Amino acid sequence: LMQAGRSFTSYSTKDGLHSDLAMDICKTDTGSLVFGSYDSGLAVYNGTEFIEYAYNDKLPGSTVWVLESDEQGNLWAGTSQGLYHEKRGETYVLTHQNGLPGIRVTALLKDGSAIWAGSENGFAKDDKNGMVVEEQADSTGFKGKCIRSLEKLNGDLWIGAEGSVYKYSKEQFTEIEIDSTGEKPVYCIKQDSYNKLWVGTSNGLYNLDPENNRLSRVEFNSGFASRNINFLTNLA
């Protein structure tokens with residue numbers, strides 16, 4: 001969907017979009033929109049029409065979970081077969097064979113001169129030049145699995161994993177308990193303008209109680225459409 005004023009226009013394969021299963025969108029330094037799909041790689045919307053991404057044949061996998069870009073022309077794609085990077089036609093791929101703790105890259109976060117990538121077995125830091133400069137997984141004592149969200153808040157890295165949230169500060173991990181049994185993936189983490197921390201999961205919304213260091217569930221009325229919280233934003 002794209003908003004124009006107060007109305008929305010829906011786009012599908014009938015309008016030139018390469019797949020009806022869009023997983024993520026990002027804006028490039030040229031102003032174009034890049035769409036990642038579940039089954040057909042990347043497509044680009046140039047403001048007028050959808051066109052195929054020029055380097056789809058370089059992608060390590062056709063499923064693109066997440067996208068990131070910056071003002072220097074870098075584009076990153078977390079795929080089902082590794083982390084893809086492209087800048088002005090130059091590409092590289094990172095997988096578990098050259099530093100990633102897993103192969104399915106499902107979370108990305110820009111962090112100054114580096115980018116963090118989360119996978120099924122942990123997360124790693126790429127120096128934006130194809131070199132993994134830090135890896136966190138079982139081998140380093142990090143127990144989180146299926147990383148779906150990464151956020152930098154007040155200088156600390158927050159990691160959303162399967163059933164847990166971790167705070168990474170001064171090379172130490174703190175696990176934040178979720179006040180629920182059998183909780184599923186943590187899809188998003190957001191701090192609001194009052195410095196309260198919110199966490200969206202596959203089974204609802206949670207708020208951090210700093211005194212008890214626990215995430216407590218926020219109950220909604222029966223009219224709320226879904227408990228599956230995939231995205232949070234701060235409008236204040």
# chains A, B, ... in the order shown; residues from 1 in each chain; ligands from 1
$ residues_around --residues "stretch 195-202 of chain A" --least-positions-apart "5" --cutoff "7 Å" --atoms "only C-alpha atoms" --output "list in words"
Lys184, Pro185, Val186, Tyr187, Cys188, Ile189, Lys190, Asn207, Leu208, Arg227, Asn228, Ile229, Asn230 and Phe231 of chain A
$ residues_around --residues "A:Gly82" --least-positions-apart "3" --cutoff "6 Å" --atoms "only C-alpha atoms" --output "list in words"
Thr79, Leu94, Thr95, Ile103, Arg104 and Val105 of chain A
$ write_last_selection --atoms "N, CA, C and O atoms" --output "compact mmCIF listing (two decimals), in the first residue's frame"
# COMPACT_ATOMS: atom_id res chain seq x y z
N THR A 79 18.60 -12.33 3.51
CA THR A 79 17.91 -13.34 2.70
C THR A 79 17.90 -14.70 3.40
O THR A 79 18.49 -14.88 4.46
N LEU A 94 27.64 -12.48 2.63
CA LEU A 94 28.15 -13.11 3.85
C LEU A 94 27.23 -14.26 4.24
O LEU A 94 26.01 -14.11 4.23
N THR A 95 27.82 -15.40 4.58
CA THR A 95 27.07 -16.56 5.05
C THR A 95 27.78 -17.13 6.27
O THR A 95 28.76 -16.55 6.76
N ILE A 103 22.46 -18.78 8.61
CA ILE A 103 22.32 -18.52 7.17
C ILE A 103 21.10 -17.66 6.85
O ILE A 103 21.11 -16.88 5.89
N ARG A 104 20.02 -17.76 7.66
CA ARG A 104 18.81 -16.97 7.42
C ARG A 104 18.93 -15.63 8.15
O ARG A 104 18.84 -15.58 9.38
N VAL A 105 19.11 -14.57 7.41
CA VAL A 105 19.29 -13.24 8.01
C VAL A 105 17.92 -12.56 8.09
O VAL A 105 17.34 -12.19 7.07
$ residues_around --residues "A:Trp76" --least-positions-apart "4" --cutoff "7 Å" --atoms "only C-alpha atoms" --output "list of chain:residue names"
A:Leu67, A:Glu68, A:Ser69, A:Tyr84, A:His85, A:Glu86
$ write_last_selection --atoms "all heavy atoms" --output "CSV table (one decimal), in the first residue's frame"
chain,number,residue,atom,x,y,z
A,67,LEU,N,15.4,-5.4,4.7
A,67,LEU,CA,16.2,-4.5,3.9
A,67,LEU,C,16.8,-3.3,4.7
A,67,LEU,O,16.1,-2.9,5.6
A,67,LEU,CB,15.4,-3.9,2.7
A,67,LEU,CG,14.9,-4.9,1.7
A,67,LEU,CD1,13.9,-4.3,0.8
A,67,LEU,CD2,16.1,-5.4,0.8
A,68,GLU,N,17.9,-2.8,4.3
A,68,GLU,CA,18.5,-1.6,4.9
A,68,GLU,C,19.2,-0.8,3.8
A,68,GLU,O,19.7,-1.5,2.8
A,68,GLU,CB,19.4,-1.8,6.0
A,68,GLU,CG,18.8,-2.0,7.4
A,68,GLU,CD,18.3,-0.6,8.0
A,68,GLU,OE1,18.3,0.4,7.3
A,68,GLU,OE2,18.0,-0.6,9.2
A,69,SER,N,19.3,0.5,3.9
A,69,SER,CA,20.1,1.3,2.9
A,69,SER,C,20.6,2.5,3.7
A,69,SER,O,20.2,2.8,4.8
A,69,SER,CB,19.2,1.7,1.7
A,69,SER,OG,18.1,2.5,2.2
A,84,TYR,N,23.3,-10.0,1.9
A,84,TYR,CA,23.7,-9.5,0.6
A,84,TYR,C,23.9,-8.0,0.7
A,84,TYR,O,23.2,-7.3,1.4
A,84,TYR,CB,22.6,-9.8,-0.4
A,84,TYR,CG,22.7,-9.0,-1.7
A,84,TYR,CD1,23.5,-9.5,-2.8
A,84,TYR,CD2,22.0,-7.8,-2.0
A,84,TYR,CE1,23.7,-8.9,-4.0
A,84,TYR,CE2,22.2,-7.2,-3.2
A,84,TYR,CZ,23.0,-7.7,-4.2
A,84,TYR,OH,23.1,-7.0,-5.4
A,85,HIS,N,25.0,-7.5,0.1
A,85,HIS,CA,25.3,-6.1,0.1
A,85,HIS,C,25.6,-5.7,-1.4
A,85,HIS,O,26.3,-6.4,-2.1
A,85,HIS,CB,26.5,-5.8,0.9
A,85,HIS,CG,27.1,-4.4,0.8
A,85,HIS,ND1,28.1,-4.1,-0.1
A,85,HIS,CD2,26.8,-3.3,1.4
A,85,HIS,CE1,28.3,-2.8,0.0
A,85,HIS,NE2,27.5,-2.3,0.9
A,86,GLU,N,25.1,-4.5,-1.7
A,86,GLU,CA,25.4,-3.9,-3.0
A,86,GLU,C,25.6,-2.4,-2.9
A,86,GLU,O,24.9,-1.7,-2.2
A,86,GLU,CB,24.3,-4.2,-4.0
A,86,GLU,CG,24.5,-3.7,-5.4
A,86,GLU,CD,23.8,-2.4,-5.8
A,86,GLU,OE1,22.6,-2.3,-5.3
A,86,GLU,OE2,24.3,-1.6,-6.4
$ residues_around --residues "A:Gly31" --least-positions-apart "6" --cutoff "12 Å" --atoms "only C-alpha atoms" --output "PDB file with C-alpha atoms, in the first residue's frame"
ATOM      1  CA  VAL A  44      12.366  -1.324  -7.508  1.00  0.00           C
ATOM      2  CA  TYR A  45       9.680   1.373  -7.712  1.00  0.00           C
ATOM      3  CA  ASN A  46      11.154   4.463  -9.380  1.00  0.00           C
ATOM      4  CA  GLY A  47       8.175   6.726  -8.771  1.00  0.00           C
ATOM      5  CA  THR A  48       6.481   5.750 -12.002  1.00  0.00           C
ATOM      6  CA  SER A  69      20.073   1.272   2.938  1.00  0.00           C
ATOM      7  CA  ASP A  70      22.045   4.455   3.590  1.00  0.00           C
ATOM      8  CA  GLU A  71      22.834   7.815   1.987  1.00  0.00           C
ATOM      9  CA  GLY A  73      24.343   4.144  -1.830  1.00  0.00           C
TER      10      GLY A  73
END
$ residues_around --residues "A:Lys87" --least-positions-apart "3" --cutoff "9 Å" --atoms "only C-alpha atoms" --output "list in words"
Gln72, Gly73, Asn74, Leu75, Glu90 and Thr91 of chain A
$ residues_around --residues "A:Ala161" --least-positions-apart "5" --cutoff "7 Å" --atoms "only C-alpha atoms" --output "list in words"
Gly144, Lys145, Cys146, Ile147, Arg148, Pro185 and Val186 of chain A
$ select_by_dssp --residues "stretch 18-172 of chain A" --states "helix (DSSP H, G or I)" --output "PyMOL selection string"
chain A and resi 56-58+96-98+138-140
$ residues_around --residues "stretch 170-174 of chain A" --least-positions-apart "2" --cutoff "12 Å" --atoms "only C-alpha atoms" --output "PyMOL selection string"
chain A and resi 134-137+140-144+155-159+164-168+176-177+213-214
$ write_last_selection --atoms "N, CA, C and O atoms" --output "JSON list (two decimals), in the first residue's frame"
[["chain", "number", "residue", "atom", "x", "y", "z"],
["A", 134, "GLU", "N", 32.61, -8.92, 14.54],
["A", 134, "GLU", "CA", 32.14, -9.45, 15.83],
["A", 134, "GLU", "C", 31.04, -10.47, 15.57],
["A", 134, "GLU", "O", 30.18, -10.25, 14.73],
["A", 135, "GLU", "N", 31.08, -11.57, 16.31],
["A", 135, "GLU", "CA", 30.06, -12.61, 16.19],
["A", 135, "GLU", "C", 29.60, -13.01, 17.59],
["A", 135, "GLU", "O", 30.43, -13.18, 18.49],
["A", 136, "GLN", "N", 28.28, -13.15, 17.77],
["A", 136, "GLN", "CA", 27.73, -13.59, 19.03],
["A", 136, "GLN", "C", 26.79, -14.77, 18.78],
["A", 136, "GLN", "O", 25.79, -14.64, 18.09],
["A", 137, "ALA", "N", 27.15, -15.91, 19.36],
["A", 137, "ALA", "CA", 26.39, -17.15, 19.18],
["A", 137, "ALA", "C", 26.68, -18.07, 20.36],
["A", 137, "ALA", "O", 27.25, -17.64, 21.37],
["A", 140, "THR", "N", 30.16, -18.06, 21.85],
["A", 140, "THR", "CA", 30.61, -16.92, 22.66],
["A", 140, "THR", "C", 29.74, -16.70, 23.89],
["A", 140, "THR", "O", 29.90, -15.71, 24.60],
["A", 141, "GLY", "N", 28.80, -17.63, 24.13],
["A", 141, "GLY", "CA", 27.96, -17.54, 25.32],
["A", 141, "GLY", "C", 26.59, -16.91, 25.11],
["A", 141, "GLY", "O", 25.80, -16.84, 26.06],
["A", 142, "PHE", "N", 26.30, -16.47, 23.90],
["A", 142, "PHE", "CA", 24.97, -15.90, 23.63],
["A", 142, "PHE", "C", 24.00, -17.02, 23.30],
["A", 142, "PHE", "O", 24.24, -17.80, 22.39],
["A", 143, "LYS", "N", 22.88, -17.08, 24.01],
["A", 143, "LYS", "CA", 21.95, -18.20, 23.88],
["A", 143, "LYS", "C", 20.72, -17.89, 23.03],
["A", 143, "LYS", "O", 19.88, -18.75, 22.81],
["A", 144, "GLY", "N", 20.58, -16.66, 22.57],
["A", 144, "GLY", "CA", 19.39, -16.29, 21.80],
["A", 144, "GLY", "C", 19.34, -16.97, 20.44],
["A", 144, "GLY", "O", 20.35, -17.16, 19.78],
["A", 155, "GLY", "N", 22.93, 3.80, 23.53],
["A", 155, "GLY", "CA", 24.25, 3.19, 23.42],
["A", 155, "GLY", "C", 24.29, 1.70, 23.60],
["A", 155, "GLY", "O", 25.34, 1.07, 23.40],
["A", 156, "ASP", "N", 23.18, 1.08, 23.98],
["A", 156, "ASP", "CA", 23.12, -0.37, 24.18],
["A", 156, "ASP", "C", 22.40, -1.03, 23.02],
["A", 156, "ASP", "O", 21.49, -0.45, 22.42],
["A", 157, "LEU", "N", 22.79, -2.26, 22.71],
["A", 157, "LEU", "CA", 22.13, -3.03, 21.66],
["A", 157, "LEU", "C", 21.08, -3.93, 22.28],
["A", 157, "LEU", "O", 21.36, -4.66, 23.24],
["A", 158, "TRP", "N", 19.85, -3.87, 21.75],
["A", 158, "TRP", "CA", 18.75, -4.72, 22.21],
["A", 158, "TRP", "C", 18.44, -5.72, 21.11],
["A", 158, "TRP", "O", 18.34, -5.37, 19.94],
["A", 159, "ILE", "N", 18.30, -6.99, 21.52],
["A", 159, "ILE", "CA", 18.12, -8.08, 20.57],
["A", 159, "ILE", "C", 16.82, -8.81, 20.88],
["A", 159, "ILE", "O", 16.60, -9.28, 22.00],
["A", 164, "SER", "N", 12.59, -14.29, 23.98],
["A", 164, "SER", "CA", 13.41, -13.52, 24.91],
["A", 164, "SER", "C", 13.86, -12.22, 24.28],
["A", 164, "SER", "O", 13.94, -12.09, 23.06],
["A", 165, "VAL", "N", 14.19, -11.25, 25.15],
["A", 165, "VAL", "CA", 14.84, -10.02, 24.73],
["A", 165, "VAL", "C", 16.14, -9.90, 25.50],
["A", 165, "VAL", "O", 16.18, -10.17, 26.71],
["A", 166, "TYR", "N", 17.21, -9.52, 24.80],
["A", 166, "TYR", "CA", 18.52, -9.38, 25.42],
["A", 166, "TYR", "C", 19.02, -7.95, 25.29],
["A", 166, "TYR", "O", 18.84, -7.31, 24.24],
["A", 167, "LYS", "N", 19.66, -7.46, 26.35],
["A", 167, "LYS", "CA", 20.34, -6.18, 26.32],
["A", 167, "LYS", "C", 21.85, -6.44, 26.31],
["A", 167, "LYS", "O", 22.37, -7.15, 27.16],
["A", 168, "TYR", "N", 22.52, -5.88, 25.31],
["A", 168, "TYR", "CA", 23.97, -6.08, 25.15],
["A", 168, "TYR", "C", 24.66, -4.77, 25.47],
["A", 168, "TYR", "O", 24.59, -3.81, 24.71],
["A", 176, "ILE", "N", 16.05, -10.30, 29.40],
["A", 176, "ILE", "CA", 14.83, -9.71, 29.96],
["A", 176, "ILE", "C", 13.71, -10.73, 29.83],
["A", 176, "ILE", "O", 13.38, -11.17, 28.73],
["A", 177, "GLU", "N", 13.15, -11.12, 30.96],
["A", 177, "GLU", "CA", 12.10, -12.13, 30.95],
["A", 177, "GLU", "C", 10.80, -11.56, 30.40],
["A", 177, "GLU", "O", 10.43, -10.43, 30.67],
["A", 213, "ASN", "N", 12.62, -5.67, 35.94],
["A", 213, "ASN", "CA", 13.34, -6.16, 34.76],
["A", 213, "ASN", "C", 12.56, -7.26, 34.05],
["A", 213, "ASN", "O", 13.11, -8.29, 33.66],
["A", 214, "ARG", "N", 11.27, -7.02, 33.88],
["A", 214, "ARG", "CA", 10.40, -7.98, 33.21],
["A", 214, "ARG", "C", 9.56, -7.25, 32.16],
["A", 214, "ARG", "O", 9.27, -6.06, 32.27]]
$ atom_distance --atom1 "atom CA of A:Leu215" --atom2 "atom CA of A:Gly78"
27.7 Å
$ closest_residue --among "A:Trp116, A:Tyr53, A:Tyr38, A:Trp65" --to "A:Met131" --atoms "only C-alpha atoms"
A:Trp116
$ select_by_dssp --residues "stretch 2-177 of chain A" --states "strand (DSSP E or B)" --output "count of residues only"
92
$ closest_residue --among "A:Gln81, A:Asp138, A:Glu52, A:Leu150" --to "A:Ile115" --atoms "only C-alpha atoms"
A:Leu150
$ closest_residue --among "A:Glu211, A:Asp15, A:Asp29, A:Asp20" --to "A:Ile51" --atoms "only C-alpha atoms"
A:Asp15
$ atom_distance --atom1 "atom CA of A:Ala124" --atom2 "atom CA of A:Ser139"
12.5 Å
$ decode --residues "stretch 70-103 of chain A" --atoms "N, CA and C atoms" --output "mmCIF file, in the first residue's frame"
data_model
loop_
_atom_site.group_PDB
_atom_site.id
_atom_site.type_symbol
_atom_site.label_atom_id
_atom_site.label_comp_id
_atom_site.auth_asym_id
_atom_site.auth_seq_id
_atom_site.Cartn_x
_atom_site.Cartn_y
_atom_site.Cartn_z
ATOM 1 N N ASP A 70 21.548 3.216 3.009
ATOM 2 C CA ASP A 70 22.045 4.455 3.590
ATOM 3 C C ASP A 70 22.251 5.505 2.508
ATOM 4 N N GLU A 71 22.692 6.693 2.912
ATOM 5 C CA GLU A 71 22.834 7.815 1.987
ATOM 6 C C GLU A 71 24.075 7.700 1.110
ATOM 7 N N GLN A 72 24.914 6.716 1.376
ATOM 8 C CA GLN A 72 26.112 6.502 0.566
ATOM 9 C C GLN A 72 25.884 5.509 -0.567
ATOM 10 N N GLY A 73 24.657 5.056 -0.739
ATOM 11 C CA GLY A 73 24.343 4.144 -1.830
ATOM 12 C C GLY A 73 24.456 2.681 -1.494
ATOM 13 N N ASN A 74 24.653 2.350 -0.215
ATOM 14 C CA ASN A 74 24.714 0.953 0.198
ATOM 15 C C ASN A 74 23.311 0.371 0.342
ATOM 16 N N LEU A 75 23.156 -0.865 -0.096
ATOM 17 C CA LEU A 75 21.907 -1.606 0.075
ATOM 18 C C LEU A 75 22.238 -2.971 0.662
ATOM 19 N N TRP A 76 21.539 -3.321 1.742
ATOM 20 C CA TRP A 76 21.699 -4.640 2.353
ATOM 21 C C TRP A 76 20.383 -5.388 2.299
ATOM 22 N N ALA A 77 20.461 -6.684 2.075
ATOM 23 C CA ALA A 77 19.272 -7.539 2.070
ATOM 24 C C ALA A 77 19.549 -8.782 2.900
ATOM 25 N N GLY A 78 18.715 -8.997 3.908
ATOM 26 C CA GLY A 78 18.801 -10.231 4.679
ATOM 27 C C GLY A 78 17.963 -11.289 3.992
ATOM 28 N N THR A 79 18.601 -12.331 3.508
ATOM 29 C CA THR A 79 17.915 -13.342 2.703
ATOM 30 C C THR A 79 17.895 -14.699 3.396
ATOM 31 N N SER A 80 17.249 -15.650 2.747
ATOM 32 C CA SER A 80 17.181 -17.015 3.268
ATOM 33 C C SER A 80 18.501 -17.750 3.152
ATOM 34 N N GLN A 81 19.465 -17.129 2.438
ATOM 35 C CA GLN A 81 20.751 -17.801 2.231
ATOM 36 C C GLN A 81 21.939 -16.888 2.535
ATOM 37 N N GLY A 82 21.731 -15.891 3.385
ATOM 38 C CA GLY A 82 22.854 -15.049 3.776
ATOM 39 C C GLY A 82 22.565 -13.560 3.660
ATOM 40 N N LEU A 83 23.584 -12.760 3.999
ATOM 41 C CA LEU A 83 23.491 -11.306 3.936
ATOM 42 C C LEU A 83 24.075 -10.808 2.620
ATOM 43 N N TYR A 84 23.271 -10.044 1.892
ATOM 44 C CA TYR A 84 23.672 -9.498 0.594
ATOM 45 C C TYR A 84 23.928 -8.005 0.732
ATOM 46 N N HIS A 85 24.994 -7.530 0.081
ATOM 47 C CA HIS A 85 25.324 -6.104 0.066
ATOM 48 C C HIS A 85 25.623 -5.668 -1.361
ATOM 49 N N GLU A 86 25.126 -4.465 -1.721
ATOM 50 C CA GLU A 86 25.412 -3.908 -3.049
ATOM 51 C C GLU A 86 25.621 -2.408 -2.944
ATOM 52 N N LYS A 87 26.618 -1.907 -3.666
ATOM 53 C CA LYS A 87 26.848 -0.473 -3.772
ATOM 54 C C LYS A 87 27.336 -0.166 -5.181
ATOM 55 N N ARG A 88 26.478 0.555 -5.934
ATOM 56 C CA ARG A 88 26.808 0.965 -7.296
ATOM 57 C C ARG A 88 27.261 -0.212 -8.160
ATOM 58 N N GLY A 89 26.600 -1.363 -7.985
ATOM 59 C CA GLY A 89 26.903 -2.528 -8.799
ATOM 60 C C GLY A 89 27.923 -3.483 -8.215
ATOM 61 N N GLU A 90 28.657 -3.056 -7.186
ATOM 62 C CA GLU A 90 29.611 -3.940 -6.514
ATOM 63 C C GLU A 90 28.882 -4.699 -5.412
ATOM 64 N N THR A 91 29.034 -6.022 -5.391
ATOM 65 C CA THR A 91 28.284 -6.840 -4.450
ATOM 66 C C THR A 91 29.186 -7.783 -3.665
ATOM 67 N N TYR A 92 28.681 -8.191 -2.484
ATOM 68 C CA TYR A 92 29.301 -9.302 -1.758
ATOM 69 C C TYR A 92 28.220 -10.002 -0.947
ATOM 70 N N VAL A 93 28.495 -11.215 -0.514
ATOM 71 C CA VAL A 93 27.562 -12.020 0.263
ATOM 72 C C VAL A 93 28.287 -12.588 1.474
ATOM 73 N N LEU A 94 27.642 -12.480 2.634
ATOM 74 C CA LEU A 94 28.146 -13.106 3.851
ATOM 75 C C LEU A 94 27.230 -14.259 4.237
ATOM 76 N N THR A 95 27.819 -15.401 4.580
ATOM 77 C CA THR A 95 27.069 -16.561 5.045
ATOM 78 C C THR A 95 27.784 -17.129 6.272
ATOM 79 N N HIS A 96 27.305 -18.276 6.755
ATOM 80 C CA HIS A 96 27.966 -18.920 7.888
ATOM 81 C C HIS A 96 29.376 -19.383 7.524
ATOM 82 N N GLN A 97 29.662 -19.476 6.238
ATOM 83 C CA GLN A 97 30.995 -19.908 5.818
ATOM 84 C C GLN A 97 32.048 -18.813 5.943
ATOM 85 N N ASN A 98 31.615 -17.556 6.015
ATOM 86 C CA ASN A 98 32.599 -16.485 6.179
ATOM 87 C C ASN A 98 32.226 -15.513 7.295
ATOM 88 N N GLY A 99 31.640 -16.069 8.384
ATOM 89 C CA GLY A 99 31.524 -15.271 9.593
ATOM 90 C C GLY A 99 30.163 -15.145 10.242
ATOM 91 N N LEU A 100 29.079 -15.337 9.494
ATOM 92 C CA LEU A 100 27.768 -15.226 10.120
ATOM 93 C C LEU A 100 27.478 -16.466 10.974
ATOM 94 N N PRO A 101 26.774 -16.293 12.111
ATOM 95 C CA PRO A 101 26.449 -17.453 12.951
ATOM 96 C C PRO A 101 25.297 -18.288 12.416
ATOM 97 N N GLY A 102 24.665 -17.854 11.341
ATOM 98 C CA GLY A 102 23.569 -18.595 10.731
ATOM 99 C C GLY A 102 23.467 -18.228 9.272
ATOM 100 N N ILE A 103 22.458 -18.779 8.606
ATOM 101 C CA ILE A 103 22.318 -18.521 7.167
ATOM 102 C C ILE A 103 21.097 -17.662 6.853
#
